[in-house]
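Asks: Enclosed is the structure file target-v9.cif (mmCIF, C-alpha atoms and all ligand atoms).
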```cif
data_target
#
loop_
_atom_site.label_atom_id
_atom_site.label_comp_id
_atom_site.auth_asym_id
_atom_site.auth_seq_id
_atom_site.Cartn_x
_atom_site.Cartn_y
_atom_site.Cartn_z
CA MET A 563 12.95 -9.16 5.12
CA ALA A 564 14.23 -7.91 1.83
CA ASN A 565 16.80 -5.68 0.33
CA ILE A 566 16.59 -4.90 -3.33
CA ARG A 567 19.33 -3.94 -5.72
CA LEU A 568 18.83 -2.42 -9.13
CA LYS A 569 21.91 -2.56 -11.34
CA ASN A 570 22.15 -0.55 -14.57
CA LEU A 571 18.44 -1.03 -15.03
CA CYS A 572 17.12 0.09 -18.43
CA LYS A 573 13.77 -0.05 -20.14
CA THR A 574 13.04 0.85 -23.72
CA TYR A 575 9.47 0.37 -24.85
CA ASN A 576 8.87 -0.95 -28.34
CA GLY A 577 8.88 1.93 -30.74
CA GLY A 578 10.09 4.33 -28.05
CA GLY A 579 13.33 6.07 -29.02
CA MET A 580 14.43 7.24 -25.59
CA ASP A 581 14.82 4.93 -22.62
CA ALA A 582 11.82 5.17 -20.30
CA VAL A 583 14.28 4.15 -17.56
CA HIS A 584 17.97 4.68 -18.12
CA ASN A 585 20.78 3.08 -16.18
CA VAL A 586 19.15 3.12 -12.77
CA ASN A 587 21.37 1.96 -9.91
CA LEU A 588 19.80 1.75 -6.49
CA GLU A 589 20.08 -0.23 -3.31
CA ILE A 590 16.93 -0.37 -1.22
CA ARG A 591 17.62 -1.49 2.30
CA ASP A 592 15.66 -3.97 4.33
CA LYS A 593 12.66 -2.26 6.03
CA GLU A 594 13.36 0.98 4.24
CA PHE A 595 10.59 3.28 3.01
CA LEU A 596 11.88 4.50 -0.31
CA ILE A 597 10.05 7.04 -2.44
CA LEU A 598 10.39 7.40 -6.19
CA VAL A 599 9.29 10.90 -7.06
CA GLY A 600 9.31 13.00 -10.20
CA PRO A 601 7.06 14.52 -12.83
CA SER A 602 4.68 12.47 -14.92
CA GLY A 603 6.49 10.31 -17.47
CA CYS A 604 9.87 10.31 -15.68
CA GLY A 605 9.95 6.52 -15.38
CA LYS A 606 8.77 5.92 -11.80
CA SER A 607 6.01 3.43 -12.57
CA THR A 608 8.12 1.62 -15.11
CA THR A 609 10.83 1.14 -12.49
CA LEU A 610 8.31 -0.10 -9.96
CA ARG A 611 6.65 -2.44 -12.45
CA MET A 612 10.00 -3.95 -13.37
CA ILE A 613 10.66 -4.65 -9.69
CA ALA A 614 7.22 -6.25 -9.43
CA GLY A 615 7.84 -8.35 -12.52
CA LEU A 616 4.92 -6.77 -14.39
CA GLU A 617 7.19 -5.27 -17.01
CA SER A 618 10.11 -6.91 -18.79
CA ILE A 619 13.60 -5.50 -18.34
CA SER A 620 15.50 -4.28 -21.41
CA SER A 621 18.88 -4.57 -19.70
CA GLY A 622 20.37 -4.59 -16.23
CA GLU A 623 19.66 -6.65 -13.14
CA ILE A 624 17.19 -6.76 -10.28
CA TRP A 625 18.27 -8.56 -7.14
CA ILE A 626 16.03 -9.37 -4.20
CA ASN A 627 18.03 -10.69 -1.25
CA ASP A 628 20.92 -12.02 -3.32
CA ARG A 629 18.61 -13.65 -5.80
CA LEU A 630 18.64 -12.42 -9.37
CA VAL A 631 14.96 -12.11 -10.25
CA ASN A 632 15.12 -10.85 -13.85
CA ASP A 633 13.41 -14.00 -15.07
CA VAL A 634 11.33 -14.80 -11.99
CA PRO A 635 7.59 -14.34 -12.71
CA ALA A 636 5.72 -11.71 -10.71
CA LYS A 637 3.79 -14.26 -8.67
CA ASP A 638 7.00 -15.87 -7.41
CA ARG A 639 8.71 -12.68 -6.25
CA ASN A 640 6.79 -12.43 -2.96
CA ILE A 641 5.99 -8.81 -3.65
CA ALA A 642 2.62 -7.10 -3.27
CA MET A 643 1.61 -4.04 -5.23
CA VAL A 644 -1.04 -1.44 -4.45
CA PHE A 645 -2.32 0.63 -7.36
CA GLN A 646 -3.86 4.06 -7.71
CA ASN A 647 -7.12 2.67 -9.09
CA TYR A 648 -7.36 0.03 -6.30
CA ALA A 649 -7.86 -2.76 -8.90
CA LEU A 650 -10.56 -4.47 -6.80
CA TYR A 651 -12.89 -7.08 -8.24
CA PRO A 652 -16.30 -5.37 -8.40
CA HIS A 653 -18.35 -8.57 -8.14
CA MET A 654 -16.59 -9.76 -4.97
CA ASN A 655 -17.17 -8.42 -1.50
CA VAL A 656 -14.36 -7.05 0.63
CA TYR A 657 -13.61 -10.38 2.29
CA GLU A 658 -13.43 -12.15 -1.06
CA ASN A 659 -11.26 -9.45 -2.56
CA MET A 660 -8.80 -9.74 0.29
CA ALA A 661 -8.86 -13.51 0.33
CA PHE A 662 -8.59 -13.99 -3.42
CA GLY A 663 -4.79 -14.04 -3.74
CA LEU A 664 -4.45 -16.51 -0.87
CA LYS A 665 -7.12 -18.81 -2.28
CA LEU A 666 -5.34 -18.83 -5.62
CA ARG A 667 -2.24 -19.98 -3.80
CA SER A 668 -4.29 -22.71 -2.10
CA TYR A 669 -3.90 -21.50 1.47
CA PRO A 670 -6.04 -23.49 3.95
CA LYS A 671 -9.42 -21.87 4.60
CA ALA A 672 -8.75 -21.23 8.29
CA GLU A 673 -5.46 -19.50 7.53
CA VAL A 674 -7.12 -17.31 4.89
CA LYS A 675 -9.80 -16.28 7.36
CA LYS A 676 -7.26 -15.53 10.07
CA ARG A 677 -5.16 -13.36 7.79
CA VAL A 678 -8.11 -11.48 6.32
CA TYR A 679 -9.53 -10.69 9.78
CA GLU A 680 -6.10 -9.65 11.04
CA ALA A 681 -5.57 -7.28 8.12
CA ALA A 682 -9.13 -5.95 8.33
CA GLU A 683 -8.56 -5.22 12.00
CA ILE A 684 -5.32 -3.36 11.32
CA LEU A 685 -7.03 -1.25 8.67
CA GLY A 686 -10.29 -0.71 10.53
CA ILE A 687 -12.48 -2.27 7.81
CA THR A 688 -13.84 -5.31 9.63
CA ARG A 689 -17.37 -3.97 9.46
CA TYR A 690 -17.20 -3.66 5.67
CA LEU A 691 -16.19 -7.25 4.94
CA GLU A 692 -19.57 -8.11 3.42
CA ARG A 693 -19.77 -5.03 1.21
CA ARG A 694 -18.95 -4.74 -2.47
CA PRO A 695 -16.35 -2.16 -3.56
CA ARG A 696 -19.00 0.12 -5.08
CA GLU A 697 -20.57 0.47 -1.63
CA LEU A 698 -17.35 1.94 -0.24
CA SER A 699 -15.77 5.40 -0.33
CA GLY A 700 -12.44 5.96 -2.09
CA GLY A 701 -10.52 5.82 1.17
CA GLU A 702 -12.22 2.59 2.20
CA ARG A 703 -11.49 1.01 -1.18
CA GLN A 704 -7.87 1.94 -0.87
CA ARG A 705 -7.82 0.28 2.56
CA VAL A 706 -9.18 -2.90 1.00
CA ALA A 707 -6.45 -2.73 -1.63
CA LEU A 708 -3.92 -2.36 1.19
CA GLY A 709 -5.54 -5.27 3.00
CA ARG A 710 -5.25 -7.47 -0.04
CA ALA A 711 -1.52 -6.71 -0.09
CA ILE A 712 -1.05 -7.24 3.65
CA VAL A 713 -2.66 -10.69 3.81
CA ARG A 714 0.00 -12.06 1.53
CA LYS A 715 2.75 -11.09 4.02
CA PRO A 716 5.04 -10.06 1.20
CA VAL A 717 8.71 -9.21 1.66
CA VAL A 718 8.22 -5.96 -0.25
CA PHE A 719 5.26 -3.61 -0.71
CA LEU A 720 5.14 -1.58 -3.88
CA PHE A 721 2.82 1.42 -4.09
CA ASP A 722 2.01 3.16 -7.35
CA GLU A 723 0.45 6.56 -6.58
CA PRO A 724 -1.95 4.91 -4.12
CA LEU A 725 -3.45 8.17 -2.87
CA SER A 726 -3.90 10.07 -6.12
CA ASN A 727 -7.59 9.30 -6.46
CA LEU A 728 -8.48 10.47 -2.97
CA ASP A 729 -9.59 13.93 -1.96
CA ALA A 730 -7.11 16.17 -0.15
CA LYS A 731 -8.35 15.39 3.36
CA MET A 732 -8.44 11.65 2.82
CA ARG A 733 -4.95 11.76 1.29
CA VAL A 734 -3.56 13.30 4.45
CA GLN A 735 -5.31 10.69 6.58
CA MET A 736 -4.16 7.76 4.45
CA ARG A 737 -0.63 9.15 4.44
CA THR A 738 -0.41 8.77 8.19
CA GLU A 739 -2.13 5.38 8.05
CA ILE A 740 0.40 4.04 5.58
CA HIS A 741 3.08 5.44 7.84
CA LYS A 742 1.67 3.56 10.82
CA LEU A 743 1.24 0.45 8.73
CA ARG A 744 4.84 0.57 7.82
CA MET A 745 5.87 0.82 11.50
CA ARG A 746 3.71 -2.15 12.27
CA LEU A 747 4.68 -4.40 9.37
CA GLN A 748 8.41 -3.67 9.41
CA THR A 749 8.77 -4.48 5.73
CA THR A 750 10.44 -2.82 2.79
CA PHE A 751 8.21 -0.22 1.09
CA ILE A 752 8.80 1.31 -2.32
CA TYR A 753 6.38 4.10 -3.06
CA VAL A 754 5.85 6.02 -6.29
CA THR A 755 4.37 9.50 -6.24
CA HIS A 756 4.49 12.76 -8.18
CA ASP A 757 3.51 14.58 -4.98
CA GLN A 758 6.45 16.22 -3.29
CA THR A 759 4.60 16.46 0.04
CA GLU A 760 4.15 12.69 0.15
CA ALA A 761 7.80 12.30 -0.75
CA MET A 762 8.98 14.68 1.97
CA THR A 763 6.76 13.32 4.72
CA MET A 764 6.73 9.57 4.17
CA GLY A 765 10.11 8.41 2.96
CA ASP A 766 13.34 7.48 4.69
CA ARG A 767 14.96 8.32 1.41
CA ILE A 768 13.71 10.06 -1.71
CA VAL A 769 14.81 9.22 -5.22
CA VAL A 770 14.16 12.15 -7.53
CA MET A 771 13.85 11.09 -11.16
CA ASP A 772 13.55 13.01 -14.40
CA LYS A 773 13.54 11.72 -17.97
CA GLY A 774 14.27 8.16 -16.92
CA VAL A 775 17.33 8.87 -14.79
CA ILE A 776 17.96 9.31 -11.09
CA LEU A 777 19.02 12.84 -10.28
CA GLN A 778 19.38 12.50 -6.52
CA CYS A 779 18.87 9.90 -3.85
CA ALA A 780 19.04 10.98 -0.22
CA ASP A 781 16.97 11.52 2.90
CA PRO A 782 14.25 14.17 2.49
CA MET A 783 15.99 17.00 4.34
CA THR A 784 19.22 16.50 2.41
CA VAL A 785 17.31 16.69 -0.85
CA TYR A 786 15.54 19.82 0.42
CA ASP A 787 18.63 21.56 1.80
CA GLN A 788 21.24 20.34 -0.68
CA PRO A 789 19.56 19.74 -4.03
CA VAL A 790 22.05 18.62 -6.70
CA ASN A 791 20.59 20.85 -9.38
CA LYS A 792 17.92 23.39 -10.20
CA PHE A 793 15.39 20.77 -11.21
CA VAL A 794 15.55 18.97 -7.84
CA ALA A 795 15.42 22.31 -6.00
CA SER A 796 12.30 23.29 -7.93
CA PHE A 797 10.56 19.95 -7.56
CA ILE A 798 10.88 19.57 -3.80
CA GLY A 799 9.30 22.23 -1.61
CA SER A 800 5.95 23.98 -1.49
CA PRO A 801 5.52 26.77 -2.41
CA PRO A 802 8.31 26.15 -4.90
CA ILE A 803 11.70 27.72 -4.37
CA ASN A 804 12.14 31.19 -5.91
CA PHE A 805 14.67 31.49 -8.72
CA MET A 806 16.30 34.73 -9.78
CA GLN A 807 18.69 35.27 -12.62
CA GLY A 808 21.61 37.60 -11.93
CA ARG A 809 25.33 38.14 -12.03
CA ILE A 810 28.15 37.58 -9.56
CA THR A 811 30.13 40.74 -8.93
CA ARG A 812 33.04 41.55 -6.61
CA ARG A 813 33.80 44.69 -4.65
CA GLU A 814 36.54 45.04 -2.06
CA ARG A 815 36.96 41.30 -1.69
CA LYS A 816 33.24 40.79 -1.23
CA TYR A 817 31.07 38.84 -3.62
CA PHE A 818 27.59 40.00 -4.48
CA PHE A 819 24.66 38.65 -6.41
CA ASP A 820 23.42 41.45 -8.64
CA GLU A 821 19.85 40.81 -9.68
CA GLY A 822 19.55 44.00 -11.70
CA LYS A 823 17.21 45.72 -9.26
CA PHE A 824 18.98 44.74 -6.06
CA GLN A 825 22.28 43.39 -4.78
CA VAL A 826 22.85 41.01 -1.91
CA LYS A 827 26.18 39.93 -0.43
CA LEU A 828 27.13 36.28 -0.31
CA ILE A 829 28.34 34.99 3.02
CA ASP A 830 32.10 34.53 3.32
CA GLY A 831 31.99 30.74 3.35
CA MET A 832 30.57 30.79 -0.19
CA TYR A 833 33.47 32.74 -1.71
CA PRO A 834 35.73 29.84 -2.77
CA LYS A 835 32.93 28.15 -4.73
CA ILE A 836 31.54 31.34 -6.26
CA ALA A 837 34.88 32.97 -7.16
CA PRO A 838 35.11 31.26 -10.60
CA TYR A 839 31.72 32.78 -11.44
CA GLU A 840 32.80 36.40 -10.98
CA GLY A 841 31.32 38.45 -13.82
CA ARG A 842 29.11 35.55 -14.93
CA ASP A 843 25.40 34.91 -14.84
CA VAL A 844 24.08 32.51 -12.21
CA ILE A 845 20.69 31.57 -10.83
CA MET A 846 19.98 32.23 -7.17
CA GLY A 847 17.44 30.01 -5.44
CA VAL A 848 15.84 31.20 -2.22
CA ARG A 849 13.09 29.38 -0.41
CA SER A 850 10.06 31.34 0.71
CA GLU A 851 10.73 30.64 4.40
CA ASP A 852 14.20 32.21 4.12
CA ILE A 853 12.76 35.60 3.22
CA TYR A 854 11.63 37.86 6.09
CA ASP A 855 9.70 41.07 6.36
CA LYS A 856 12.38 43.51 7.56
CA LEU A 857 10.05 44.73 10.32
CA PHE A 858 10.36 41.33 11.96
CA ALA A 859 13.88 40.35 10.90
CA SER A 860 16.64 40.26 13.50
CA GLU A 861 19.66 40.37 11.22
CA ALA A 862 18.82 42.99 8.63
CA SER A 863 21.64 44.89 6.95
CA PRO A 864 21.87 46.81 3.66
CA GLU A 865 23.74 43.80 2.27
CA ASN A 866 20.89 41.31 2.70
CA THR A 867 17.88 43.58 2.28
CA VAL A 868 15.83 43.74 -0.88
CA ARG A 869 13.12 46.20 -1.85
CA ALA A 870 10.07 44.78 -3.59
CA THR A 871 6.42 45.51 -4.18
CA CYS A 872 3.98 43.39 -2.28
CA GLU A 873 1.31 42.49 -4.83
CA VAL A 874 -0.78 39.97 -2.93
CA VAL A 875 -1.09 39.02 0.75
CA GLU A 876 -2.45 35.54 1.28
CA PRO A 877 -3.21 34.67 4.93
CA LEU A 878 -3.38 30.90 5.48
CA GLY A 879 -4.08 30.96 9.20
CA SER A 880 -0.78 29.54 10.43
CA GLU A 881 1.32 31.64 8.06
CA VAL A 882 1.05 34.30 5.38
CA PHE A 883 2.29 34.14 1.79
CA LEU A 884 3.47 37.41 0.27
CA TYR A 885 3.62 37.62 -3.51
CA LEU A 886 6.37 40.06 -4.30
CA ASN A 887 7.86 41.75 -7.31
CA SER A 888 11.38 43.18 -7.38
CA GLY A 889 10.81 44.89 -10.71
CA LYS A 890 12.58 42.01 -12.39
CA HIS A 891 11.44 38.84 -10.65
CA ASN A 892 8.32 37.62 -8.93
CA PHE A 893 8.91 35.74 -5.71
CA ILE A 894 7.06 34.43 -2.69
CA ALA A 895 7.86 34.96 0.97
CA ARG A 896 6.34 32.98 3.78
CA VAL A 897 6.01 35.12 6.87
CA GLY A 898 4.43 35.03 10.32
CA ALA A 899 0.69 34.58 10.78
CA HIS A 900 0.11 38.17 11.88
CA ASP A 901 2.22 39.99 9.32
CA ARG A 902 -0.05 42.03 7.01
CA PRO A 903 1.98 44.40 4.85
CA ASP A 904 0.13 46.86 2.63
CA VAL A 905 -0.69 45.67 -0.84
CA ASN A 906 0.82 47.50 -3.82
CA ARG A 907 3.37 49.22 -1.63
CA ASP A 908 7.12 48.76 -1.57
CA MET A 909 8.51 46.92 1.40
CA ASP A 910 11.91 45.69 2.59
CA LEU A 911 12.62 42.00 2.67
CA VAL A 912 15.58 40.35 4.32
CA PHE A 913 17.14 37.28 2.69
CA ASP A 914 18.81 34.72 4.92
CA MET A 915 21.92 34.54 2.76
CA SER A 916 23.26 31.51 4.63
CA LYS A 917 20.36 29.50 3.16
CA VAL A 918 20.34 30.59 -0.48
CA HIS A 919 21.46 28.34 -3.33
CA PHE A 920 23.31 29.16 -6.50
CA PHE A 921 23.06 27.26 -9.77
CA ASP A 922 25.14 27.41 -12.91
CA SER A 923 22.92 29.20 -15.42
CA LYS A 924 23.98 26.93 -18.29
CA THR A 925 24.21 23.45 -16.74
CA GLU A 926 21.74 24.23 -13.91
CA GLU A 927 23.97 22.17 -11.58
CA THR A 928 24.33 23.38 -8.01
CA ILE A 929 27.26 25.66 -7.27
CA ILE A 930 26.29 26.24 -3.65
P1 LIG A 1001 5.78 7.88 -14.54
O1 LIG A 1001 5.35 6.73 -13.73
O2 LIG A 1001 6.97 8.58 -13.96
O3 LIG A 1001 4.68 8.83 -14.87
P2 LIG A 1001 6.16 5.92 -16.62
O4 LIG A 1001 7.14 4.98 -16.05
O5 LIG A 1001 4.73 5.52 -16.64
O6 LIG A 1001 6.33 7.35 -15.95
O7 LIG A 1001 6.56 6.25 -18.13
C1 LIG A 1001 7.89 6.55 -18.51
C2 LIG A 1001 7.93 6.78 -20.01
O8 LIG A 1001 7.64 5.55 -20.68
C3 LIG A 1001 6.94 7.79 -20.51
O9 LIG A 1001 7.51 8.52 -21.56
C4 LIG A 1001 5.79 6.94 -21.03
O10 LIG A 1001 5.11 7.57 -22.07
C5 LIG A 1001 6.51 5.70 -21.52
N1 LIG A 1001 5.67 4.49 -21.38
C6 LIG A 1001 5.12 4.01 -20.25
N2 LIG A 1001 4.45 2.86 -20.46
C7 LIG A 1001 4.57 2.62 -21.80
C8 LIG A 1001 4.10 1.57 -22.66
N3 LIG A 1001 3.37 0.55 -22.18
N4 LIG A 1001 4.43 1.66 -23.96
C9 LIG A 1001 5.18 2.68 -24.44
N5 LIG A 1001 5.65 3.68 -23.69
C10 LIG A 1001 5.36 3.65 -22.38
#
```
As structure tokens - that is how I would like this structure written.
Ligand code: ADP
Replies:
Amino acid sequence: MANIRLKNLCKTYNGGGMDAVHNVNLEIRDKEFLILVGPSGCGKSTTLRMIAGLESISSGEIWINDRLVNDVPAKDRNIAMVFQNYALYPHMNVYENMAFGLKLRSYPKAEVKKRVYEAAEILGITRYLERRPRELSGGERQRVALGRAIVRKPVVFLFDEPLSNLDAKMRVQMRTEIHKLRMRLQTTFIYVTHDQTEAMTMGDRIVVMDKGVILQCADPMTVYDQPVNKFVASFIGSPPINFMQGRITRRERKYFFDEGKFQVKLIDGMYPKIAPYEGRDVIMGVRSEDIYDKLFASEASPENTVRATCEVVEPLGSEVFLYLNSGKHNFIARVGAHDRPDVNRDMDLVFDMSKVHFFDSKTEETII
């Protein structure tokens, strides 16, 4: 078991002006599956590598179970790391690859064998034990890499984009396998990805990073429903949330968002927070699933209905994406599988105003 605490963790690379990781504070609970997510270069891998002991720390502290490990070498941290490129030894077969770390640590031969067979069984690769890595598919290689981590029975598993090299289908399959593995091993997992779907589906909590700092740390649905700023809102969710620039206006004690081409009324509960923005520009964020074709919407009114041109209809089988244009903004709606509006015609869309977000147009922080 392991909980990990990062205190004011910083990393500046030689020659680098800006911190690659800046003042990261995080407590990772025992048996938690924590995801570090963010765009390329935001400092995810650096954070993970500092936890592993593969990268020196510029300042701050890393604690594993009440032990300060800043100066503990990687091999003594009882952590196993799985990399994107598998990092298997090409000249060794699968058994040897999995056994290698244990042999280095002088485990008795019988124990090594037992652990390798156990791990191979869990991962369904027993029949490949004699093969070399080049004789395996990407997914199988990644299983071997997982196996090599499992046999060590580490207190923490670190994953650095482990699925990035796999094709889309295999990624989905491995995602669920890692999920099952986690249930079975009951160990702390820290997982780095730039893929918001992996972040949403796998983690107990998501840490969204940008430019070396943590923007938000919460469970996936909280991050999705209550993003702290425009960046987090845009990063989590697929298709991405729609943003529209507009102005807050007031008429007869009602607040509206005036997009230029259309106006929608905010719901009453939003008034206190939006009141200071009267007459000012804001950004409205509305997710594609919160926009309905009026023909199928139950709560349409002139105050939540928007006219737009449907430019593209994209049926995906289980749902349909509509690519719309209000005359000022492009946006996407995600509607029912059998909805097929005419292309290049105007149509009415209903916004679920209880679900929309507003962001300060200067700071991009969340207002609502
Ligand atoms: P991520 O994993 O989120 O893609 P990284 O942690 O790899 O980001 O990188 C964070 C920042 O640190 C980036 O700006 C990157 O260019 C820089 N960086 C990473 N590794 C090194 C290194 N070995 N030397 C110098 N700069 C580095």
Asks: To one decimal place, how far is atom CA of A:Gln704 from atom CA of A:Met745 in Å?
Replies: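 Answer for the atom CA of A:Gln704 to atom CA of A:Met745 separation: 18.5 Å.
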Asks: Please, what distance in Å, to one decimal, runs between atom CA of A:Leu886 and atom CA of A:Ala899?
Replies: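 If I compute the distance from atom CA of A:Leu886 to atom CA of A:Ala899, I get 17.0 Å.
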Asks: If the limit is 10 Å from any atom of ligand LIG 1001 (chain A), counting all atoms listed in the file, which residues qualify? Return them as a PyMOL selection string.
Replies: chain A and resi 573-583+598-612+617+722-723+754-756+771-774
Asks: Can you list every residue of stretch 700-803 of chain A that has an atom at most 10 Å from stretch 894-898 of chain A, with its nearest atom pair and the distance in Å to one decimal, using only C-alpha atoms, ordered by chain then number, as a Markdown table?
Replies:
```
| residue | atom | partner | partner_atom | distance |
| --- | --- | --- | --- | --- |
| A:Pro801 | CA | A:Ile894 | CA | 7.8 |
| A:Pro802 | CA | A:Ile894 | CA | 8.7 |
| A:Ile803 | CA | A:Ile894 | CA | 8.3 |
```
Asks: For atom CA of A:Tyr817 and atom CA of A:Met832, quote the distance in Å rounded to one decimal.
Replies: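 These atoms are spaced 8.8 Å apart.
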Asks: Determine, counting all atoms listed in the file, which protein, DNA and RNA residues have an atom within 9 Å of an atom of A:Val678; residues of the same chain fewer than 3 positions away are not included. Present the result as an NGL selection string.
Replies: :A and (657 or 660-661 or 673-675 or 681-683 or 709-710 or 712-713)
Asks: Hey, which bits of stretch 776-872 of chain A sit within 10 Å of stretch 913-926 of chain A, and for each residue what's the closest pair of atoms and how far apart in Å (one decimal), counting all atoms listed in the file, rows by chain and increasing number, as a tab-separated table?
Replies:
```
residue	atom	partner	partner_atom	distance
A:Asp787	CA	A:Lys917	CA	8.2
A:Gln788	CA	A:His919	CA	8.4
A:Pro789	CA	A:His919	CA	8.8
A:Val790	CA	A:Glu926	CA	9.1
A:Asn791	CA	A:Glu926	CA	5.8
A:Lys792	CA	A:Glu926	CA	5.4
A:Phe793	CA	A:Glu926	CA	7.7
A:Ala795	CA	A:His919	CA	8.9
A:Ile803	CA	A:His919	CA	9.8
A:Asn804	CA	A:Val918	CA	9.9
A:Phe805	CA	A:Phe920	CA	9.2
A:Met806	CA	A:Phe920	CA	9.5
A:Gln807	CA	A:Ser923	CA	7.9
A:Gly808	CA	A:Ser923	CA	9.2
A:Arg809	CA	A:Ser923	CA	9.9
A:Phe819	CA	A:Phe920	CA	9.6
A:Val826	CA	A:Met915	CA	8.0
A:Lys827	CA	A:Met915	CA	7.6
A:Leu828	CA	A:Met915	CA	6.3
A:Ile829	CA	A:Ser916	CA	6.4
A:Asp830	CA	A:Ser916	CA	9.4
A:Gly831	CA	A:Ser916	CA	8.9
A:Met832	CA	A:Ser916	CA	8.8
A:Lys835	CA	A:Phe920	CA	9.8
A:Ile836	CA	A:Phe920	CA	8.5
A:Tyr839	CA	A:Asp922	CA	8.6
A:Arg842	CA	A:Ser923	CA	8.9
A:Asp843	CA	A:Ser923	CA	6.3
A:Val844	CA	A:Ser923	CA	4.8
A:Ile845	CA	A:Phe921	CA	5.0
A:Met846	CA	A:Phe920	CA	4.6
A:Gly847	CA	A:His919	CA	4.8
A:Val848	CA	A:Val918	CA	4.9
A:Arg849	CA	A:Val918	CA	7.4
A:Ser850	CA	A:Phe913	CA	9.5
A:Glu851	CA	A:Asp914	CA	9.1
A:Asp852	CA	A:Asp914	CA	5.3
A:Ile853	CA	A:Phe913	CA	4.7
A:Tyr854	CA	A:Phe913	CA	6.5
A:Asp855	CA	A:Phe913	CA	9.1
A:Lys856	CA	A:Phe913	CA	9.2
A:Ala859	CA	A:Phe913	CA	9.4
A:Glu861	CA	A:Asp914	CA	8.5
A:Ala862	CA	A:Phe913	CA	8.4
A:Ser863	CA	A:Phe913	CA	9.8
A:Glu865	CA	A:Phe913	CA	9.3
A:Asn866	CA	A:Phe913	CA	5.5
A:Thr867	CA	A:Phe913	CA	6.4
A:Val868	CA	A:Phe913	CA	7.5
```
Asks: Go through A:Glu623, A:Gln748, A:Thr928, A:Glu739 one by one, measure the shortest atom-to-atom distance of each to A:Val794 using only C-alpha atoms, and give the residue with the smallest value.
Replies: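 Of the candidates, the smallest distance to A:Val794 is held by A:Thr928.
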Asks: Could you list, as an NGL selection string, every residue within 12 Å of A:Arg689, counting all atoms listed in the file and ignoring same-chain residues fewer than 2 positions away?
Replies: :A and (655-657 or 679 or 682-683 or 685-687 or 691-693 or 698 or 702 or 706)
Asks: Just checking: using all atoms listed in the file, which residue out of A:Val769, A:Trp625, A:Leu747, A:Gln778 ends up closest to A:Glu927?
Replies: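 Of the candidates, the smallest distance to A:Glu927 is held by A:Gln778.
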Asks: So, with all atoms listed in the file as the atoms that count, which of A:Val586, A:Leu884, A:Leu650, A:Val644 lies closest to A:Ser620?
Replies: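 Answer, going by the shortest atom-to-atom distance: A:Val586.
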Asks: Output, as lines of an AutoDock Vina configuration file, the centre and edge lengths in Å (one decimal) of the axis-aligned box that contains all listed atoms of stretch 841-848 of chain A with 8 Å of margin on each side.
Replies:
```
center_x = 23.6
center_y = 34.2
center_z = -8.6
size_x = 31.5
size_y = 24.4
size_z = 28.7
```
Asks: Let me make sure I understand: among A:Arg703, A:Lys715, A:His891, A:His741, which one has the smallest atom-to-atom distance to A:Thr763 if we use all atoms listed in the file?
Replies: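 Using all atoms listed in the file, A:Thr763 sits closest to A:His741.
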Asks: Give me, as a ChimeraX atom specification, all polymer residues having an atom no more than 9 Å from stretch 588-592 of chain A, counting all atoms listed in the file and skipping those fewer than 6 positions away in the same chain.
Replies: /A:563-570,718,748-752,779
Asks: Of the residues A:Asn727, A:Gln825, A:Gln735, A:Ser618, which is the one nearest to A:Cys572, using all atoms listed in the file?
Replies: A:Ser618
Asks: I'd like the contact shell of A:Leu571 - 7 Å cut-off, only C-alpha atoms, skipping same-chain residues fewer than 4 positions apart - returned as a list in words.
Replies: His584, Asn585, Val586, Asn587, Ser621, Gly622 and Glu623 of chain A
Asks: Of the residues A:Arg629, A:Pro838, A:Pro695, A:Glu876, which is the one nearest to A:Glu658, using all atoms listed in the file?
Replies: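 Selected residue with least distance to A:Glu658: A:Pro695.
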